[in-house]
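S.K.: Here you go, this is run-v9.csv (CSV, C-alpha atoms).
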```csv
chain,number,residue,atom,x,y,z
A,17,MET,CA,0.0,0.0,0.0
A,18,LEU,CA,2.8,2.4,0.9
A,19,ARG,CA,4.7,1.6,-2.3
A,20,LYS,CA,1.5,2.2,-4.4
A,21,ARG,CA,1.0,5.5,-2.5
A,22,VAL,CA,4.6,6.7,-3.1
A,23,LEU,CA,4.5,5.7,-6.8
A,24,SER,CA,1.2,7.5,-7.3
A,25,ALA,CA,2.6,10.6,-5.6
A,26,ILE,CA,5.7,10.6,-7.8
A,27,VAL,CA,3.6,10.2,-11.0
A,28,LEU,CA,1.3,13.1,-9.8
A,29,LEU,CA,4.3,15.4,-9.2
A,30,ILE,CA,5.7,14.6,-12.7
A,31,ILE,CA,2.4,15.4,-14.3
A,32,ILE,CA,1.9,18.6,-12.3
A,33,PHE,CA,5.4,19.9,-13.2
A,34,ALA,CA,5.0,18.9,-16.9
A,35,VAL,CA,1.7,20.8,-17.1
A,36,LEU,CA,3.1,23.8,-15.3
A,37,PHE,CA,6.3,24.1,-17.4
A,38,LEU,CA,5.4,22.7,-20.8
A,39,PHE,CA,1.7,23.7,-21.5
A,40,ASN,CA,0.8,27.0,-23.0
A,41,PRO,CA,-2.0,29.0,-21.2
A,42,PHE,CA,-4.8,27.5,-23.3
A,43,TYR,CA,-3.8,23.9,-22.8
A,44,PHE,CA,-2.9,24.5,-19.2
A,45,SER,CA,-6.4,25.8,-18.6
A,46,LEU,CA,-7.8,22.7,-20.3
A,47,ALA,CA,-5.7,20.5,-18.0
A,48,VAL,CA,-7.0,22.3,-14.9
A,49,GLY,CA,-10.5,21.9,-16.5
A,50,VAL,CA,-10.1,18.2,-16.6
A,51,VAL,CA,-9.2,18.1,-12.9
A,52,THR,CA,-12.3,20.2,-12.2
A,53,VAL,CA,-14.6,17.9,-14.1
A,54,LEU,CA,-13.2,14.9,-12.3
A,55,ALA,CA,-13.9,16.7,-9.1
A,56,VAL,CA,-17.5,17.3,-10.2
A,57,TRP,CA,-17.8,13.6,-11.0
A,58,GLU,CA,-16.9,12.8,-7.4
A,59,TRP,CA,-19.0,15.6,-5.9
A,60,THR,CA,-22.2,14.1,-7.5
A,61,GLN,CA,-22.1,11.6,-4.6
A,62,PHE,CA,-22.6,14.4,-2.1
A,63,ALA,CA,-25.6,15.5,-4.1
A,64,GLY,CA,-27.2,12.0,-3.9
A,65,VAL,CA,-26.6,11.2,-7.5
A,66,HIS,CA,-25.4,7.5,-7.6
A,67,LYS,CA,-26.4,6.1,-10.9
A,68,THR,CA,-23.5,6.1,-13.4
A,69,PHE,CA,-25.5,7.5,-16.2
A,70,TRP,CA,-26.6,10.6,-14.3
A,71,ARG,CA,-23.2,11.2,-12.9
A,72,LEU,CA,-21.7,11.1,-16.4
A,73,PHE,CA,-24.5,13.3,-17.6
A,74,VAL,CA,-23.8,16.0,-15.0
A,75,SER,CA,-20.1,15.8,-15.5
A,76,ALA,CA,-20.5,16.1,-19.3
A,77,VAL,CA,-22.8,19.1,-19.0
A,78,PHE,CA,-20.3,20.8,-16.7
A,79,SER,CA,-17.3,19.9,-19.0
A,80,CYS,CA,-19.1,21.4,-22.0
A,81,PHE,CA,-19.7,24.6,-20.0
A,82,LEU,CA,-16.1,24.8,-19.0
A,83,PHE,CA,-14.8,24.1,-22.5
A,84,ILE,CA,-17.0,26.7,-24.1
A,85,TRP,CA,-16.0,29.2,-21.4
A,86,ILE,CA,-12.3,28.5,-21.7
A,87,TYR,CA,-12.3,28.3,-25.6
A,88,SER,CA,-14.2,31.7,-25.8
A,89,SER,CA,-11.5,33.3,-23.6
A,90,GLN,CA,-8.5,31.7,-25.4
A,91,SER,CA,-7.1,35.0,-26.7
A,92,TYR,CA,-7.3,36.5,-23.2
A,93,LEU,CA,-5.7,33.5,-21.6
A,94,ASN,CA,-2.8,33.6,-24.0
A,95,ALA,CA,-2.3,37.2,-23.0
A,96,GLY,CA,-2.4,36.4,-19.3
A,97,ARG,CA,-5.7,38.1,-18.8
A,98,VAL,CA,-7.7,35.6,-17.0
A,99,PHE,CA,-11.5,35.9,-17.3
A,100,ILE,CA,-11.1,39.6,-16.9
A,101,GLU,CA,-14.8,40.4,-16.4
A,102,SER,CA,-15.6,37.7,-13.9
A,103,ALA,CA,-12.5,36.7,-12.0
A,104,GLN,CA,-12.9,39.1,-9.1
A,105,LEU,CA,-16.5,38.3,-8.6
A,106,LEU,CA,-16.0,34.6,-8.7
A,107,LEU,CA,-13.1,34.7,-6.2
A,108,LEU,CA,-15.2,36.9,-3.9
A,109,MET,CA,-18.0,34.3,-4.2
A,110,ALA,CA,-15.5,31.6,-3.0
A,111,VAL,CA,-14.5,33.7,0.0
A,112,ILE,CA,-18.1,34.1,1.0
A,113,TRP,CA,-18.8,30.4,0.4
A,114,TRP,CA,-16.0,29.3,2.7
A,115,ALA,CA,-17.4,31.6,5.4
A,116,VAL,CA,-20.7,29.8,5.0
A,117,ALA,CA,-18.9,26.4,5.0
A,118,LEU,CA,-17.3,27.3,8.3
A,119,CYS,CA,-20.7,27.8,9.8
A,120,PHE,CA,-21.8,24.4,8.4
A,121,VAL,CA,-18.7,22.7,9.8
A,122,VAL,CA,-19.0,24.2,13.3
A,123,SER,CA,-22.7,23.4,13.6
A,124,TYR,CA,-22.5,19.9,12.1
A,125,PRO,CA,-24.5,17.6,12.2
A,126,LYS,CA,-27.3,20.1,12.9
A,127,SER,CA,-26.4,22.0,9.7
A,128,ALA,CA,-26.9,18.9,7.6
A,129,LYS,CA,-30.7,19.4,8.0
A,130,ILE,CA,-30.2,22.4,5.6
A,131,TRP,CA,-28.2,20.8,2.9
A,132,SER,CA,-28.0,17.0,3.3
A,133,ARG,CA,-31.0,16.1,1.1
A,134,SER,CA,-30.8,19.0,-1.3
A,135,THR,CA,-29.3,18.1,-4.6
A,136,PHE,CA,-29.7,21.7,-5.8
A,137,LEU,CA,-27.7,23.1,-2.8
A,138,GLN,CA,-24.9,20.5,-3.3
A,139,PHE,CA,-24.5,21.6,-6.9
A,140,ILE,CA,-24.4,25.2,-5.8
A,141,PHE,CA,-21.7,24.3,-3.3
A,142,ALA,CA,-19.8,22.4,-6.0
A,143,THR,CA,-20.0,25.5,-8.3
A,144,CYS,CA,-18.9,27.9,-5.6
A,145,THR,CA,-15.9,25.5,-4.8
A,146,LEU,CA,-14.6,24.3,-8.1
A,147,VAL,CA,-15.2,27.1,-10.6
A,148,PRO,CA,-13.4,29.7,-8.4
A,149,PHE,CA,-10.6,27.1,-7.9
A,150,LEU,CA,-10.1,26.9,-11.7
A,151,VAL,CA,-10.1,30.7,-12.1
A,152,ALA,CA,-7.7,31.2,-9.2
A,153,VAL,CA,-5.2,28.6,-10.5
A,154,LEU,CA,-5.2,30.3,-13.9
A,155,LYS,CA,-5.1,33.8,-12.3
A,156,LEU,CA,-1.9,32.9,-10.3
A,157,ARG,CA,-0.3,30.9,-13.1
A,158,LEU,CA,-0.8,33.6,-15.8
A,159,SER,CA,0.0,36.6,-13.6
A,160,GLU,CA,2.5,38.9,-15.4
A,161,TYR,CA,2.6,36.2,-18.1
A,162,LEU,CA,3.8,38.5,-20.9
A,163,VAL,CA,6.4,40.1,-18.8
A,164,SER,CA,7.8,37.0,-17.1
A,165,PRO,CA,6.2,33.6,-17.9
A,166,SER,CA,8.0,32.1,-14.8
A,167,TYR,CA,6.5,34.6,-12.4
A,168,GLY,CA,3.1,32.9,-12.2
A,169,ILE,CA,4.7,29.4,-11.9
A,170,ILE,CA,6.5,30.6,-8.8
A,171,LEU,CA,3.4,32.2,-7.4
A,172,LEU,CA,1.2,29.1,-8.0
A,173,LEU,CA,3.8,26.6,-6.8
A,174,TYR,CA,4.3,28.8,-3.7
A,175,VAL,CA,0.6,28.3,-2.7
A,176,PHE,CA,0.7,24.6,-3.4
A,177,ILE,CA,3.9,24.0,-1.4
A,178,LEU,CA,2.7,26.3,1.4
A,179,VAL,CA,-0.4,24.1,1.9
A,180,TRP,CA,1.5,20.9,1.5
A,181,ALA,CA,4.2,22.0,4.0
A,182,ALA,CA,1.7,23.2,6.5
A,183,ASP,CA,-0.2,20.0,6.2
A,184,SER,CA,2.9,18.1,7.0
A,185,GLY,CA,3.6,20.4,10.0
A,186,ALA,CA,0.1,19.8,11.2
A,187,TYR,CA,0.4,16.1,10.9
A,188,PHE,CA,3.6,15.9,12.9
A,189,ALA,CA,2.5,18.4,15.5
A,190,GLY,CA,-0.8,16.5,15.9
A,191,ARG,CA,1.0,13.2,16.3
A,192,ALA,CA,3.4,14.6,18.9
A,193,PHE,CA,1.1,16.9,20.9
A,194,GLY,CA,-2.4,16.4,19.8
A,195,LYS,CA,-4.9,16.1,22.7
A,196,HIS,CA,-7.8,18.5,21.9
A,197,LYS,CA,-10.1,17.6,19.0
A,198,LEU,CA,-10.6,20.3,16.4
A,199,ALA,CA,-13.9,19.0,15.0
A,200,ALA,CA,-14.6,15.5,16.4
A,201,LYS,CA,-18.0,15.1,14.7
A,202,VAL,CA,-16.4,15.9,11.3
A,203,SER,CA,-12.8,14.7,11.3
A,204,PRO,CA,-11.9,12.9,14.6
A,205,GLY,CA,-8.2,12.8,13.7
A,206,LYS,CA,-7.6,16.5,13.6
A,207,THR,CA,-6.5,18.4,16.7
A,208,TRP,CA,-6.1,22.0,17.7
A,209,GLU,CA,-2.4,21.3,18.4
A,210,GLY,CA,-2.1,20.1,14.8
A,211,VAL,CA,-3.7,23.3,13.6
A,212,VAL,CA,-1.2,25.4,15.6
A,213,GLY,CA,1.7,23.4,14.2
A,214,GLY,CA,0.4,23.8,10.7
A,215,LEU,CA,0.0,27.6,11.1
A,216,LEU,CA,3.4,28.0,12.6
A,217,CYS,CA,4.9,26.0,9.8
A,218,ALA,CA,3.2,28.2,7.3
A,219,ALA,CA,4.5,31.4,8.9
A,220,VAL,CA,8.1,30.1,9.0
A,221,PHE,CA,7.9,28.8,5.4
A,222,ALA,CA,6.4,32.1,4.2
A,223,PHE,CA,9.1,34.1,5.9
A,224,ILE,CA,12.0,32.0,4.6
A,225,PHE,CA,10.6,31.8,1.1
A,226,VAL,CA,9.8,35.5,0.6
A,227,ARG,CA,12.9,36.7,2.5
A,228,PHE,CA,15.6,34.4,1.0
A,229,VAL,CA,14.2,32.6,-2.1
A,230,ALA,CA,12.0,35.1,-3.9
A,231,ILE,CA,12.6,38.4,-2.2
A,232,ASN,CA,11.7,40.5,-5.2
A,233,THR,CA,9.0,38.3,-6.6
A,234,PHE,CA,5.9,39.2,-4.7
A,235,GLN,CA,4.0,42.5,-4.8
A,236,ILE,CA,3.1,43.0,-1.2
A,237,PRO,CA,5.2,43.7,2.0
A,238,ILE,CA,6.6,40.8,3.9
A,239,PRO,CA,4.4,41.1,7.0
A,240,GLN,CA,1.2,41.2,5.0
A,241,PHE,CA,2.4,38.3,2.9
A,242,ILE,CA,3.1,36.2,5.9
A,243,LEU,CA,-0.3,37.0,7.4
A,244,LEU,CA,-2.0,36.1,4.1
A,245,SER,CA,-0.1,32.8,4.0
A,246,VAL,CA,-1.1,31.9,7.5
A,247,MET,CA,-4.8,32.7,6.8
A,248,THR,CA,-4.6,30.8,3.5
A,249,VAL,CA,-3.4,27.7,5.4
A,250,ALA,CA,-6.3,28.2,8.0
A,251,VAL,CA,-8.7,28.2,5.1
A,252,SER,CA,-7.1,25.1,3.6
A,253,ILE,CA,-7.9,23.3,6.8
A,254,LEU,CA,-11.5,24.4,6.5
A,255,GLY,CA,-11.6,23.0,2.9
A,256,ASP,CA,-10.3,19.7,4.2
A,257,LEU,CA,-13.0,19.7,7.0
A,258,THR,CA,-15.7,20.6,4.6
A,259,GLU,CA,-15.0,17.7,2.3
A,260,SER,CA,-14.7,15.4,5.3
A,261,MET,CA,-18.2,16.6,6.5
A,262,PHE,CA,-19.8,15.9,3.1
A,263,LYS,CA,-18.1,12.4,2.9
A,264,ARG,CA,-19.2,11.6,6.5
A,265,ASP,CA,-22.8,12.7,5.7
A,266,VAL,CA,-23.0,10.2,2.8
A,267,GLY,CA,-21.0,7.5,4.5
A,268,ILE,CA,-17.9,7.2,2.3
A,269,LYS,CA,-14.2,7.3,3.2
A,270,ASP,CA,-12.7,8.4,-0.1
A,271,SER,CA,-14.3,10.6,-2.8
A,272,SER,CA,-13.3,7.9,-5.4
A,273,HIS,CA,-10.5,5.5,-6.2
A,274,LEU,CA,-9.1,7.4,-9.2
A,275,ILE,CA,-5.7,7.8,-7.7
A,276,PRO,CA,-4.2,4.5,-6.4
A,277,GLY,CA,-3.3,4.8,-2.7
A,278,HIS,CA,-4.6,8.4,-2.4
A,279,GLY,CA,-8.4,8.1,-3.0
A,280,GLY,CA,-10.0,10.6,-5.4
A,281,VAL,CA,-9.2,14.0,-6.9
A,282,LEU,CA,-11.2,15.8,-4.2
A,283,ASP,CA,-9.2,14.0,-1.5
A,284,ARG,CA,-6.0,15.4,-3.0
A,285,ILE,CA,-7.2,19.0,-3.6
A,286,ASP,CA,-9.7,19.5,-0.7
A,287,GLY,CA,-7.4,22.0,1.0
A,288,LEU,CA,-6.3,23.6,-2.3
A,289,VAL,CA,-9.8,24.3,-3.5
A,290,ALA,CA,-10.3,26.6,-0.5
A,291,ALA,CA,-6.7,28.0,-0.2
A,292,VAL,CA,-6.0,28.9,-3.8
A,293,PRO,CA,-9.1,31.2,-4.4
A,294,PHE,CA,-8.7,32.8,-1.0
A,295,PHE,CA,-5.0,33.6,-1.6
A,296,ALA,CA,-5.7,34.8,-5.1
A,297,PHE,CA,-8.6,37.1,-4.1
A,298,PHE,CA,-6.6,38.9,-1.3
A,299,TYR,CA,-3.3,38.9,-3.2
A,300,PHE,CA,-4.7,40.5,-6.3
A,301,TYR,CA,-7.7,42.6,-5.1
A,302,VAL,CA,-7.2,43.4,-1.4
A,303,LEU,CA,-3.6,43.7,-0.2
```
Let me see the structure of the file written as structure tokens.
M.R.:
Amino acid sequence: MLRKRVLSAIVLLIIIFAVLFLFNPFYFSLAVGVVTVLAVWEWTQFAGVHKTFWRLFVSAVFSCFLFIWIYSSQSYLNAGRVFIESAQLLLLMAVIWWAVALCFVVSYPKSAKIWSRSTFLQFIFATCTLVPFLVAVLKLRLSEYLVSPSYGIILLLYVFILVWAADSGAYFAGRAFGKHKLAAKVSPGKTWEGVVGGLLCAAVFAFIFVRFVAINTFQIPIPQFILLSVMTVAVSILGDLTESMFKRDVGIKDSSHLIPGHGGVLDRIDGLVAAVPFFAFFYFYVL
């Protein structure tokens, strides 16, 4: 099992770096679109859609929408101008959605009375989660694209590695010191000590990275950047908890078995779907 998990992780990293460095903006957006559609396929379970035909139908409709949207914006994407008329609104929508999700997680299982049996609400939740994620990934990747194609790669990789590093920090801190449950009814394994460890790891990583690795890369002062990084990790934890809440409500452990040893796409990006839009909104439009 461990061998399968490690091999899958290596293959995933190779694919991620190949897409980041080798794909032009249009094909990069299509690749992210494929990930988004796979996540929609998995999310249909949360909405109570279990028959394969209807899951395929919903995923196909969503993929058609994404392709038409991406294709119609191809010239803007190649110029690094990412959905210029809708990006800010969609990213703000994500920030609002994660505030709502926080209320759902804190009050679970009482909150399930609102959304548990509502297919419509679950599709709204999926849209508020996955569409801003796609937009945010492209916004970061294509930032300053015509001036410096590598700028966006650094920016996007920073957010990814920040979340992954903080997740590791939270894991080890939780194993070593964890006593107080964070959200026992949603994810019994997570502790407040793990959260503190993850946030401290994020702050240290952000300081080292912006101070010594990419001192002239980012557009905001170091203190604000570190604060944004810590808040981004906090939101990534919320993303993880939200997916755990939905899975617990429908009685499944993994969102799918698409990735050997790792579960499904949503299981791998549950923190990122919250963190990336949050970081992008505040980085580009607030700070």
S.K.: Residues near Gly255 of chain A, anyone? I mean within 8 Å using all atoms listed in the file, not counting same-chain ones fewer than 5 positions away, as number ranges by chain.
M.R.: A: 114, 286-291
S.K.: Grab the atom CA of Gly214 of chain A to atom CA of Val179 of chain A distance for me, in Å with one decimal place.
M.R.: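 Spanning atom CA of Gly214 of chain A to atom CA of Val179 of chain A is a straight-line distance of 8.8 Å.
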S.K.: Report the distance between atom CA of Ser184 of chain A and atom CA of Gly277 of chain A in Å, rounded to one decimal place.
M.R.: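 Value for the atom CA of Ser184 of chain A-atom CA of Gly277 of chain A distance: 17.6 Å.
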S.K.: Given the choices A:Val281, A:Val153, A:Ile253, A:Leu244, which gets closest to Asp183 of chain A if the distance is worked out from only C-alpha atoms?
M.R.: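 Checking each of A:Val281, A:Val153, A:Ile253, A:Leu244 against Asp183 of chain A, counting only C-alpha atoms, the winner is A:Ile253.
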S.K.: Quick one: residues within 12 Å of Ile100 of chain A, only C-alpha atoms, excluding same-chain residues fewer than 3 positions away - as a ChimeraX atom specification?
M.R.: /A:89-93,95-97,103-107,151-152,154-155,158-159
S.K.: For those residues, write C-alpha atoms to a file as a compact mmCIF listing (two decimals), in the frame of the given file.
M.R.:
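Below is the file selection10.txt, written as the result:
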```txt
# COMPACT_ATOMS: atom_id res chain seq x y z
CA SER A 89 -11.50 33.30 -23.60
CA GLN A 90 -8.50 31.70 -25.40
CA SER A 91 -7.10 35.00 -26.70
CA TYR A 92 -7.30 36.50 -23.20
CA LEU A 93 -5.70 33.50 -21.60
CA ALA A 95 -2.30 37.20 -23.00
CA GLY A 96 -2.40 36.40 -19.30
CA ARG A 97 -5.70 38.10 -18.80
CA ALA A 103 -12.50 36.70 -12.00
CA GLN A 104 -12.90 39.10 -9.10
CA LEU A 105 -16.50 38.30 -8.60
CA LEU A 106 -16.00 34.60 -8.70
CA LEU A 107 -13.10 34.70 -6.20
CA VAL A 151 -10.10 30.70 -12.10
CA ALA A 152 -7.70 31.20 -9.20
CA LEU A 154 -5.20 30.30 -13.90
CA LYS A 155 -5.10 33.80 -12.30
CA LEU A 158 -0.80 33.60 -15.80
CA SER A 159 0.00 36.60 -13.60
```
S.K.: Between A:Val56, A:Val27, A:Val246, A:Leu172, single out the one closest to Cys144 of chain A, counting all atoms listed in the file.
M.R.: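 Counting all atoms listed in the file, the residue closest to Cys144 of chain A is A:Val56.
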S.K.: For Leu282 of chain A, which of A:Leu54, A:Val212, A:Ala222, A:Cys217 is the closest residue, counting all atoms listed in the file?
M.R.: A:Leu54
S.K.: Just how far from atom CA of Thr135 of chain A is atom CA of Val65 of chain A, in Å to one decimal?
M.R.: 8.0 Å
S.K.: Choose the residue, out of A:Pro276, A:Pro41, A:Pro204, A:Pro125, that has the smallest atom-to-atom separation from Ile86 of chain A; count only C-alpha atoms.
M.R.: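 Among the listed residues, A:Pro41 lies closest to Ile86 of chain A.
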S.K.: For each of A:Ser123, A:Thr258, A:Ser203, A:Asn94, take the minimum atom-to-atom distance to Tyr161 of chain A, counting only C-alpha atoms, then give the residue where this is smallest.
M.R.: A:Asn94
S.K.: Write out as a VMD selection string which residues come within 12 Å of Leu303 of chain A when counting only C-alpha atoms, dropping same-chain ones fewer than 5 positions away.
M.R.: chain A and resid 234 to 244 295 to 298
S.K.: Might you pull out every residue within 10 Å of Lys195 of chain A, with only C-alpha atoms counted and same-chain residues fewer than 5 positions away left off, and present them as a VMD selection string?
M.R.: chain A and resid 190 206 to 210
